[in-house]
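**Q** Supplied structure: work-v1.txt, compact mmCIF, C-alpha atoms.
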# COMPACT_ATOMS: atom_id res chain seq x y z
CA MET A 1 123.31 -53.90 -35.04
CA THR A 2 125.03 -55.22 -31.90
CA ASP A 3 128.18 -53.71 -30.38
CA ALA A 4 129.31 -52.73 -33.90
CA GLY A 5 131.40 -49.82 -35.09
CA THR A 6 134.95 -48.82 -35.90
CA HIS A 7 135.23 -45.52 -34.01
CA ARG A 8 136.63 -46.96 -30.78
CA PRO A 9 137.98 -43.84 -29.00
CA ALA A 10 141.58 -43.98 -27.80
CA ARG A 11 141.14 -41.07 -25.36
CA THR A 12 137.84 -40.27 -23.68
CA LEU A 13 136.94 -37.41 -21.34
CA LEU A 14 134.20 -38.14 -18.80
CA VAL A 15 132.55 -34.93 -17.61
CA GLY A 16 130.82 -35.29 -14.25
CA CYS A 17 131.80 -38.93 -13.76
CA GLY A 18 129.44 -40.16 -11.07
CA ALA A 19 128.38 -43.79 -10.86
CA LEU A 20 127.36 -44.01 -14.52
CA GLY A 21 130.45 -42.27 -15.85
CA THR A 22 132.69 -44.40 -13.66
CA ALA A 23 131.08 -47.63 -14.89
CA LEU A 24 131.51 -46.51 -18.49
CA GLY A 25 135.09 -45.45 -17.88
CA GLU A 26 135.97 -48.81 -16.37
CA ARG A 27 134.56 -50.52 -19.46
CA LEU A 28 136.58 -48.25 -21.76
CA VAL A 29 139.78 -48.90 -19.83
CA ALA A 30 139.12 -52.66 -19.97
CA GLU A 31 138.84 -52.29 -23.75
CA GLY A 32 142.25 -50.63 -23.90
CA GLY A 33 141.24 -46.98 -23.92
CA GLU A 34 142.59 -44.05 -21.90
CA VAL A 35 140.09 -42.26 -19.67
CA THR A 36 140.25 -38.82 -18.06
CA ALA A 37 137.56 -37.76 -15.61
CA ILE A 38 136.75 -34.16 -14.74
CA ARG A 39 134.72 -33.27 -11.67
CA ARG A 40 134.94 -31.00 -8.64
CA ASP A 41 136.22 -33.76 -6.34
CA ALA A 42 138.12 -36.53 -8.08
CA SER A 43 138.85 -38.53 -4.93
CA GLY A 44 137.51 -42.06 -5.01
CA LEU A 45 137.74 -42.47 -8.77
CA PRO A 46 139.49 -45.59 -10.12
CA ALA A 47 143.26 -45.42 -10.17
CA ALA A 48 143.21 -46.26 -13.88
CA PHE A 49 141.60 -42.87 -14.65
CA SER A 50 143.52 -39.66 -15.15
CA THR A 51 141.69 -36.91 -13.28
CA ILE A 52 141.12 -33.17 -13.45
CA GLU A 53 139.54 -31.40 -10.48
CA ALA A 54 137.53 -28.42 -11.71
CA ASP A 55 134.18 -26.74 -11.20
CA LEU A 56 132.82 -26.16 -14.69
CA ARG A 57 130.62 -23.35 -13.46
CA HIS A 58 133.86 -21.38 -13.85
CA PRO A 59 136.35 -21.25 -16.75
CA LEU A 60 139.09 -23.85 -16.57
CA SER A 61 142.46 -22.57 -15.40
CA SER A 62 144.24 -24.17 -18.36
CA PRO A 63 143.23 -25.65 -21.73
CA LEU A 64 142.27 -29.29 -22.01
CA PRO A 65 144.23 -31.72 -24.19
CA ALA A 66 142.62 -33.23 -27.26
CA PHE A 67 140.18 -36.12 -26.82
CA ASP A 68 138.60 -38.46 -29.34
CA ALA A 69 135.37 -38.58 -27.34
CA VAL A 70 133.59 -36.76 -24.53
CA VAL A 71 130.74 -38.10 -22.41
CA VAL A 72 128.79 -35.57 -20.33
CA THR A 73 126.86 -37.02 -17.38
CA LEU A 74 126.41 -33.83 -15.36
CA PRO A 75 123.10 -33.50 -13.46
CA PRO A 76 121.30 -30.27 -14.38
CA GLY A 77 121.31 -28.56 -11.01
CA THR A 78 118.43 -26.22 -10.20
CA GLY A 79 117.45 -23.83 -7.44
CA PRO A 80 118.98 -20.44 -6.65
CA GLU A 81 122.07 -21.04 -8.79
CA GLY A 82 120.04 -22.32 -11.74
CA SER A 83 121.07 -24.91 -14.28
CA ILE A 84 124.73 -25.82 -14.53
CA TYR A 85 124.57 -26.45 -18.27
CA PRO A 86 124.98 -22.94 -19.78
CA ALA A 87 128.19 -22.29 -17.88
CA ALA A 88 129.55 -25.84 -17.82
CA LEU A 89 129.05 -26.64 -21.48
CA THR A 90 130.31 -23.24 -22.61
CA HIS A 91 133.45 -23.55 -20.48
CA LEU A 92 133.99 -27.14 -21.62
CA ALA A 93 133.73 -26.21 -25.29
CA ALA A 94 136.07 -23.25 -24.81
CA ALA A 95 138.71 -25.39 -23.07
CA LEU A 96 138.82 -28.11 -25.74
CA PRO A 97 141.36 -27.50 -28.54
CA ALA A 98 138.92 -28.86 -31.13
CA ARG A 99 135.50 -30.46 -31.22
CA PRO A 100 135.92 -34.18 -30.48
CA GLU A 101 134.87 -36.70 -33.09
CA ARG A 102 132.18 -38.11 -30.80
CA VAL A 103 130.33 -36.42 -27.91
CA LEU A 104 127.51 -37.95 -25.85
CA PHE A 105 125.23 -35.92 -23.61
CA VAL A 106 123.28 -38.00 -21.10
CA SER A 107 119.93 -36.34 -20.44
CA SER A 108 116.76 -37.94 -19.05
CA THR A 109 113.25 -38.90 -20.09
CA ARG A 110 112.15 -36.22 -17.62
CA VAL A 111 111.99 -33.98 -20.70
CA PHE A 112 108.60 -35.68 -21.33
CA GLU A 113 107.16 -35.12 -17.83
CA GLY A 114 104.43 -32.87 -19.19
CA TYR A 115 102.84 -35.81 -20.98
CA GLY A 116 102.19 -37.49 -17.61
CA SER A 117 98.60 -36.30 -17.44
CA GLN A 118 97.79 -37.99 -20.76
CA GLU A 119 97.16 -41.66 -21.50
CA PHE A 120 99.79 -43.63 -23.39
CA GLY A 121 99.93 -47.15 -24.71
CA GLY A 122 97.19 -49.71 -25.13
CA SER A 123 94.13 -49.58 -27.30
CA ASP A 124 92.74 -46.51 -25.52
CA GLY A 125 95.88 -44.40 -25.51
CA ARG A 126 98.23 -42.84 -28.00
CA ALA A 127 101.33 -44.61 -29.24
CA PRO A 128 104.42 -44.65 -26.98
CA LEU A 129 106.64 -41.59 -27.28
CA THR A 130 109.48 -41.90 -29.77
CA GLU A 131 112.57 -39.81 -30.43
CA ALA A 132 110.49 -37.84 -32.96
CA ASP A 133 108.05 -36.55 -30.33
CA PRO A 134 108.56 -33.01 -28.96
CA THR A 135 109.63 -32.51 -25.36
CA LEU A 136 107.05 -31.29 -22.86
CA THR A 137 108.21 -30.18 -19.42
CA THR A 138 106.52 -28.92 -16.27
CA GLY A 139 109.34 -27.79 -14.01
CA GLU A 140 112.85 -26.39 -13.62
CA ARG A 141 114.66 -29.71 -13.90
CA GLY A 142 112.96 -30.69 -17.13
CA ASP A 143 113.51 -27.22 -18.57
CA ALA A 144 117.20 -27.40 -17.64
CA LEU A 145 117.60 -30.77 -19.35
CA VAL A 146 116.02 -29.50 -22.57
CA GLU A 147 118.31 -26.47 -22.48
CA GLY A 148 121.31 -28.69 -21.83
CA GLU A 149 120.47 -30.97 -24.73
CA GLN A 150 120.29 -28.07 -27.15
CA LEU A 151 123.49 -26.46 -25.89
CA ALA A 152 125.36 -29.78 -26.12
CA VAL A 153 124.23 -30.16 -29.72
CA ASP A 154 125.01 -26.56 -30.65
CA LEU A 155 128.40 -26.30 -28.91
CA LEU A 156 129.71 -29.85 -29.24
CA GLY A 157 127.63 -31.64 -31.87
CA ALA A 158 126.52 -34.09 -29.18
CA ILE A 159 124.42 -37.22 -29.49
CA VAL A 160 121.68 -37.03 -26.84
CA VAL A 161 120.86 -40.10 -24.76
CA ARG A 162 117.73 -40.09 -22.57
CA PRO A 163 117.72 -42.88 -19.97
CA ALA A 164 114.64 -43.69 -17.90
CA GLY A 165 114.64 -45.04 -14.36
CA ILE A 166 118.26 -46.22 -14.08
CA TYR A 167 118.59 -49.04 -11.57
CA GLY A 168 121.13 -51.69 -10.64
CA PRO A 169 123.69 -52.33 -7.89
CA GLY A 170 123.76 -49.30 -5.60
CA ARG A 171 120.53 -47.99 -7.13
CA ASP A 172 118.11 -49.86 -4.90
CA SER A 173 115.77 -47.13 -3.64
CA LEU A 174 112.64 -48.94 -4.85
CA ILE A 175 113.67 -52.16 -3.11
CA ARG A 176 114.14 -50.20 0.12
CA ARG A 177 110.74 -48.56 -0.25
CA VAL A 178 109.03 -51.91 -0.72
CA ARG A 179 110.90 -53.42 2.21
CA GLU A 180 109.86 -50.48 4.40
CA GLY A 181 106.24 -50.55 3.19
CA ALA A 182 106.44 -46.94 1.96
CA ALA A 183 103.47 -45.88 -0.16
CA VAL A 184 103.93 -45.63 -3.94
CA ASP A 185 101.74 -44.62 -6.87
CA HIS A 186 100.68 -48.01 -8.21
CA GLU A 187 99.07 -46.51 -11.30
CA ARG A 188 102.10 -44.56 -12.49
CA ARG A 189 103.43 -45.59 -15.90
CA THR A 190 107.16 -46.26 -15.74
CA ASN A 191 110.12 -46.99 -17.97
CA ARG A 192 113.53 -48.12 -16.73
CA ILE A 193 116.93 -49.45 -17.78
CA HIS A 194 119.56 -51.42 -15.90
CA GLU A 195 122.80 -49.48 -15.50
CA SER A 196 124.87 -52.16 -17.25
CA ASP A 197 122.68 -52.03 -20.37
CA LEU A 198 122.91 -48.24 -20.35
CA VAL A 199 126.71 -48.41 -20.10
CA ARG A 200 126.79 -50.82 -23.03
CA LEU A 201 124.55 -48.48 -25.05
CA LEU A 202 126.88 -45.55 -24.40
CA ASP A 203 129.84 -47.70 -25.44
CA VAL A 204 128.07 -48.71 -28.66
CA LEU A 205 127.25 -45.06 -29.44
CA LEU A 206 130.89 -44.08 -28.93
CA ARG A 207 131.93 -46.63 -31.54
CA ALA A 208 129.03 -46.61 -34.01
CA ASP A 209 129.89 -45.64 -37.59
CA ALA A 210 126.59 -43.81 -38.15
CA PRO A 211 124.97 -43.20 -34.75
CA PRO A 212 121.54 -41.61 -34.35
CA ALA A 213 121.37 -38.07 -33.00
CA LEU A 214 118.96 -38.96 -30.19
CA VAL A 215 118.23 -42.23 -28.37
CA HIS A 216 115.77 -43.27 -25.64
CA ALA A 217 117.50 -45.69 -23.27
CA ILE A 218 114.84 -48.01 -21.86
CA ASP A 219 114.30 -51.74 -21.48
CA ARG A 220 111.69 -53.80 -23.32
CA GLU A 221 108.76 -53.58 -20.89
CA PRO A 222 107.30 -50.27 -19.73
CA VAL A 223 104.80 -51.09 -16.96
CA ARG A 224 102.67 -49.65 -14.21
CA LEU A 225 104.63 -49.25 -11.01
CA SER A 226 102.23 -51.71 -9.38
CA ALA A 227 103.77 -54.56 -11.38
CA VAL A 228 107.29 -53.68 -10.28
CA VAL A 229 106.56 -53.33 -6.56
CA ALA A 230 104.39 -56.46 -6.54
CA HIS A 231 107.26 -58.44 -8.07
CA ILE A 232 109.79 -57.10 -5.58
CA ALA A 233 107.40 -57.68 -2.65
CA SER A 234 106.82 -61.30 -3.70
CA ARG A 235 110.56 -61.91 -3.83
CA LEU A 236 111.03 -60.32 -0.41
CA GLY A 237 108.09 -62.19 1.07
CA VAL A 238 106.36 -58.99 2.21
CA ALA A 239 103.09 -57.29 1.38
CA ALA A 240 103.04 -54.91 -1.57
CA PRO A 241 103.27 -51.29 -0.41
CA PRO A 242 100.08 -49.24 -0.16
CA GLN A 243 98.84 -46.77 -2.72
CA SER A 244 100.08 -43.25 -2.07
CA GLU A 245 97.58 -40.49 -1.43
CA GLY A 246 96.67 -37.99 -4.12
CA ASP A 247 96.02 -38.39 -7.81
CA ALA A 248 96.98 -41.82 -9.14
CA GLY A 249 98.58 -42.28 -12.50
CA GLY A 250 100.80 -40.08 -14.61
CA GLY A 251 104.09 -41.02 -16.17
CA THR A 252 104.67 -41.97 -19.78
CA VAL A 253 105.32 -44.94 -22.00
CA LEU A 254 108.34 -44.63 -24.28
CA ASP A 255 109.41 -46.49 -27.38
CA GLY A 256 112.89 -48.01 -27.09
CA SER A 257 113.11 -49.58 -30.54
CA LEU A 258 116.08 -47.49 -31.62
CA ALA A 259 118.18 -48.41 -28.58
CA HIS A 260 117.18 -52.07 -28.86
CA GLY A 261 118.29 -52.11 -32.48
CA LEU A 262 121.69 -50.76 -31.45
CA LEU A 263 122.13 -53.16 -28.55
CA GLY A 264 120.49 -56.33 -29.77
CA GLU A 265 119.61 -58.51 -26.78
CA LEU A 266 119.57 -56.66 -23.48
CA SER A 267 121.24 -58.23 -20.47
CA TYR A 268 118.18 -57.20 -18.46
CA PRO A 269 115.25 -57.00 -20.91
CA THR A 270 112.72 -56.33 -18.13
CA PHE A 271 112.72 -55.23 -14.51
CA ARG A 272 112.31 -58.85 -13.39
CA GLU A 273 115.79 -60.00 -14.40
CA GLY A 274 117.42 -56.91 -12.95
CA TYR A 275 115.67 -56.82 -9.59
CA ASP A 276 115.92 -60.60 -9.16
CA GLU A 277 119.69 -60.39 -9.53
CA MET A 278 119.92 -57.46 -7.12
CA LEU A 279 117.84 -59.27 -4.51
CA ALA A 280 119.85 -62.45 -4.93
CA ALA A 281 122.99 -60.39 -4.28
CA GLY A 282 121.53 -59.04 -1.06
CA SER A 283 120.26 -55.60 -2.04
Spell out the structure here as structure tokens.
**A**
Amino acid sequence: MTDAGTHRPARTLLVGCGALGTALGERLVAEGGEVTAIRRDASGLPAAFSTIEADLRHPLSSPLPAFDAVVVTLPPGTGPEGSIYPAALTHLAAALPARPERVLFVSSTRVFEGYGSQEFGGSDGRAPLTEADPTLTTGERGDALVEGEQLAVDLLGAIVVRPAGIYGPGRDSLIRRVREGAAVDHERRTNRIHESDLVRLLDVLLRADAPPALVHAIDREPVRLSAVVAHIASRLGVAAPPQSEGDAGGGTVLDGSLAHGLLGELSYPTFREGYDEMLAAGS
């Protein structure tokens, strides 16, 4: 299945609308859709978007209009104020006149962080984690994401999307670390996805006739971080960064078969294509 489906939304609400939501919204507008973005500060958003400035930690001052689709890309927020999800999702659901036909909740593979102490992949480890595996968290952020996923499903009937290691233009922290020679954990198992492939996956899920309830958004090659930083270093013509102190390893290996079946060929099937393009563009 590749970019298929007949549910193209005419009106989409983007909740949070940071870099990912903006990129998706621009794609939807280019396809002829209407996009409304809601966030606390709507300045800087594309002129083609309608905007609503609101802090969803509090009830909205007026009801929302009807939307065909809603995409929630809010970060969980932790610390003294706690997770944003219980208040934000409750207030969002209460402000909508009816449950939209399609709702996406963008979570994170951080919900599997507790598996990081176990071996995955290869002949000596267990199989990569699939959408059928239970979450296992170790901290506030992971707990908040799991809570947010469940609330989004209960309140809005959401499809949950879990990206891993989003990178792309403007998301060049690893390139900067390699350039600076900052230490990294070479043994850490990593999964990632280029932002443009993630945007295309979200678009496909908005339009799919029979979408899955949960999808892992990753590219086709989970690897040790050593492989990624060595590749970047070779392209930059610098030495690979040193190994960070402390316990080496951790991380997980995820199965992305479901997402790959939805997308077909990825624009950036591995980290090599993505980082090479970023470096060629001057990142």
**Q** Would you mind listing what lies within 7 Å of Ala88 in chain A as a VMD selection string, with all atoms listed in the file counted and same-chain residues fewer than 3 positions away left out?
**A** chain A and resid 56 to 57 84 to 85 91 to 92
**Q** Taking 4 positions as the minimum chain separation for residues in the same chain, which residues sit within 10 Å of Asp143 in chain A when counting all atoms listed in the file? Answer as number ranges by chain.
**A** A: 76, 78, 83, 110-111, 135-139, 147-148
**Q** Would you mind telling me which residue in A:Val199, A:Ile52, A:Val146, A:Val184 lies nearest to Thr22 in chain A when using all atoms listed in the file?
**A**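 The closest residue to Thr22 in chain A is A:Val199.
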**Q** Need the shell around Ile218 in chain A: protein/DNA/RNA residues with any atom at most 7 Å away, counting all atoms listed in the file. Skip same-chain ones fewer than 5 positions apart. Format as a list in words?
**A**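 So, after excluding close chain neighbours, the residues are Pro163, Ala164, Asn191, Arg192, Ile193 and Gly256 of chain A.
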**Q** Kindly indicate which residue among A:Leu198, A:Pro212, A:Asp203, A:Leu225 lies nearest to Leu174 in chain A, using only C-alpha atoms for the distances.
**A** A:Leu225
**Q** Ranking A:Gly157, A:Gly18, A:Pro222, A:Pro242 by minimum distance to Arg99 in chain A and counting only C-alpha atoms, which one comes first?
**A**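 For Arg99 in chain A, the nearest of the given residues is A:Gly157.
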**Q** Looking at A:Glu53, A:Glu221, A:Asp68, A:Glu195, which one is nearest to Ile166 in chain A, with distances taken over all atoms listed in the file?
**A** A:Glu195
**Q** Choose the residue, out of A:Gly16, A:Pro269, A:Pro46, A:Gly274, that has the smallest atom-to-atom separation from Leu74 in chain A; count only C-alpha atoms.
**A** A:Gly16
**Q** In the coordinate frame of the file, compute which residues have an atom within 8 Å of (104.4, -35.0, -19.4) when using all atoms listed in the file, and state them as number ranges by chain.
**A** A: 111-118, 136-138, 250-252
**Q** Take the selection from the previous step and output its residues with C-alpha atoms, as an mmCIF file, keeping the file's coordinate frame.
**A**
data_model
loop_
_atom_site.group_PDB
_atom_site.id
_atom_site.type_symbol
_atom_site.label_atom_id
_atom_site.label_comp_id
_atom_site.auth_asym_id
_atom_site.auth_seq_id
_atom_site.Cartn_x
_atom_site.Cartn_y
_atom_site.Cartn_z
ATOM 1 C CA VAL A 111 111.990 -33.980 -20.700
ATOM 2 C CA PHE A 112 108.600 -35.680 -21.330
ATOM 3 C CA GLU A 113 107.160 -35.120 -17.830
ATOM 4 C CA GLY A 114 104.430 -32.870 -19.190
ATOM 5 C CA TYR A 115 102.840 -35.810 -20.980
ATOM 6 C CA GLY A 116 102.190 -37.490 -17.610
ATOM 7 C CA SER A 117 98.600 -36.300 -17.440
ATOM 8 C CA GLN A 118 97.790 -37.990 -20.760
ATOM 9 C CA LEU A 136 107.050 -31.290 -22.860
ATOM 10 C CA THR A 137 108.210 -30.180 -19.420
ATOM 11 C CA THR A 138 106.520 -28.920 -16.270
ATOM 12 C CA GLY A 250 100.800 -40.080 -14.610
ATOM 13 C CA GLY A 251 104.090 -41.020 -16.170
ATOM 14 C CA THR A 252 104.670 -41.970 -19.780
#
**Q** Please list as a PyMOL selection string every residue within 8 Å of Gly168 in chain A, counting all atoms listed in the file and excluding residues in the same chain fewer than 3 positions away.
**A** chain A and resi 171-172+194-196+274-275+278
**Q** One number please: CA of Gly21 in chain A to CA of Arg179 in chain A, in Å, one decimal.
**A**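 We find that CA of Gly21 in chain A and CA of Arg179 in chain A lie 28.9 Å from each other.
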**Q** One decimal, in Å: what's the spacing between CA of Leu145 in chain A and CA of Ser108 in chain A?
**A** 7.2 Å
**Q** List as a PyMOL selection string the protein and nucleic acid residues near His7 in chain A, meaning an atom at most 7 Å away when all atoms listed in the file are counted, but skip any in the same chain fewer than 3 places from it.
**A** chain A and resi 206-209
**Q** CA of Val70 in chain A and CA of Glu131 in chain A are how many Å apart?
**A**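 Taking CA of Val70 in chain A and CA of Glu131 in chain A, their separation equals 22.0 Å.
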**Q** Which of these residues is nearest to Pro63 in chain A, using all atoms listed in the file: A:Ala217, A:Ala93, A:Ala248, A:Leu13?
**A**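 Checking each candidate against Pro63 in chain A, we get A:Ala93 as the closest.
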**Q** Render range 214-237 of chain A from the structure in the preceding block as a file of N, CA, C and O atoms, as a compact mmCIF listing (two decimals), in the first residue's frame.
**A**
# COMPACT_ATOMS: atom_id res chain seq x y z
N LEU A 214 -2.07 1.48 15.59
CA LEU A 214 -0.78 1.84 16.18
C LEU A 214 0.31 1.55 15.16
O LEU A 214 0.31 0.49 14.53
N VAL A 215 1.24 2.50 14.99
CA VAL A 215 2.30 2.34 13.99
C VAL A 215 3.63 2.84 14.56
O VAL A 215 3.69 3.94 15.13
N HIS A 216 4.69 2.05 14.38
CA HIS A 216 6.05 2.50 14.67
C HIS A 216 6.62 3.19 13.43
O HIS A 216 6.67 2.58 12.36
N ALA A 217 7.06 4.42 13.58
CA ALA A 217 7.60 5.18 12.45
C ALA A 217 9.12 5.17 12.51
O ALA A 217 9.73 5.97 13.23
N ILE A 218 9.73 4.26 11.77
CA ILE A 218 11.19 4.14 11.73
C ILE A 218 11.63 3.81 10.31
O ILE A 218 10.83 3.35 9.49
N ASP A 219 12.92 4.05 10.04
CA ASP A 219 13.42 3.70 8.71
C ASP A 219 13.78 2.22 8.66
O ASP A 219 13.39 1.44 9.55
N ARG A 220 14.53 1.82 7.65
CA ARG A 220 14.75 0.39 7.40
C ARG A 220 16.02 -0.17 8.02
O ARG A 220 16.34 -1.34 7.82
N GLU A 221 16.77 0.65 8.78
CA GLU A 221 18.04 0.13 9.30
C GLU A 221 18.34 0.62 10.71
O GLU A 221 19.09 1.58 10.90
N PRO A 222 17.78 -0.04 11.74
CA PRO A 222 18.23 0.25 13.10
C PRO A 222 19.71 -0.14 13.24
O PRO A 222 20.12 -1.19 12.73
N VAL A 223 20.49 0.70 13.90
CA VAL A 223 21.93 0.44 14.01
C VAL A 223 22.46 0.91 15.35
O VAL A 223 21.79 1.63 16.09
N ARG A 224 23.68 0.49 15.65
CA ARG A 224 24.40 1.07 16.78
C ARG A 224 24.75 2.52 16.43
O ARG A 224 25.02 2.85 15.26
N LEU A 225 24.78 3.36 17.44
CA LEU A 225 25.09 4.76 17.20
C LEU A 225 26.49 4.93 16.60
O LEU A 225 26.75 5.89 15.87
N SER A 226 27.37 3.98 16.87
CA SER A 226 28.73 4.05 16.31
C SER A 226 28.71 4.13 14.80
O SER A 226 29.50 4.85 14.18
N ALA A 227 27.80 3.40 14.15
CA ALA A 227 27.74 3.41 12.69
C ALA A 227 27.31 4.77 12.17
O ALA A 227 27.82 5.25 11.15
N VAL A 228 26.39 5.42 12.87
CA VAL A 228 25.89 6.72 12.42
C VAL A 228 26.97 7.78 12.57
O VAL A 228 27.24 8.55 11.63
N VAL A 229 27.61 7.85 13.74
CA VAL A 229 28.61 8.91 13.94
C VAL A 229 29.85 8.67 13.09
O VAL A 229 30.49 9.63 12.65
N ALA A 230 30.19 7.41 12.84
CA ALA A 230 31.34 7.14 11.97
C ALA A 230 31.05 7.62 10.55
O ALA A 230 31.93 8.17 9.87
N HIS A 231 29.83 7.40 10.09
CA HIS A 231 29.46 7.85 8.74
C HIS A 231 29.50 9.37 8.65
O HIS A 231 30.06 9.92 7.69
N ILE A 232 28.92 10.03 9.62
CA ILE A 232 28.92 11.50 9.61
C ILE A 232 30.35 12.04 9.68
O ILE A 232 30.73 12.97 8.95
N ALA A 233 31.17 11.45 10.57
CA ALA A 233 32.55 11.90 10.72
C ALA A 233 33.33 11.75 9.42
O ALA A 233 34.12 12.62 9.03
N SER A 234 33.12 10.63 8.71
CA SER A 234 33.84 10.41 7.45
C SER A 234 33.45 11.45 6.42
O SER A 234 34.27 11.93 5.64
N ARG A 235 32.17 11.84 6.40
CA ARG A 235 31.71 12.85 5.46
C ARG A 235 32.25 14.24 5.82
O ARG A 235 32.50 15.07 4.95
N LEU A 236 32.42 14.48 7.10
CA LEU A 236 32.95 15.77 7.55
C LEU A 236 34.47 15.83 7.49
O LEU A 236 35.06 16.91 7.58
N GLY A 237 35.10 14.67 7.37
CA GLY A 237 36.55 14.63 7.36
C GLY A 237 37.16 14.86 8.74
O GLY A 237 38.24 15.43 8.87
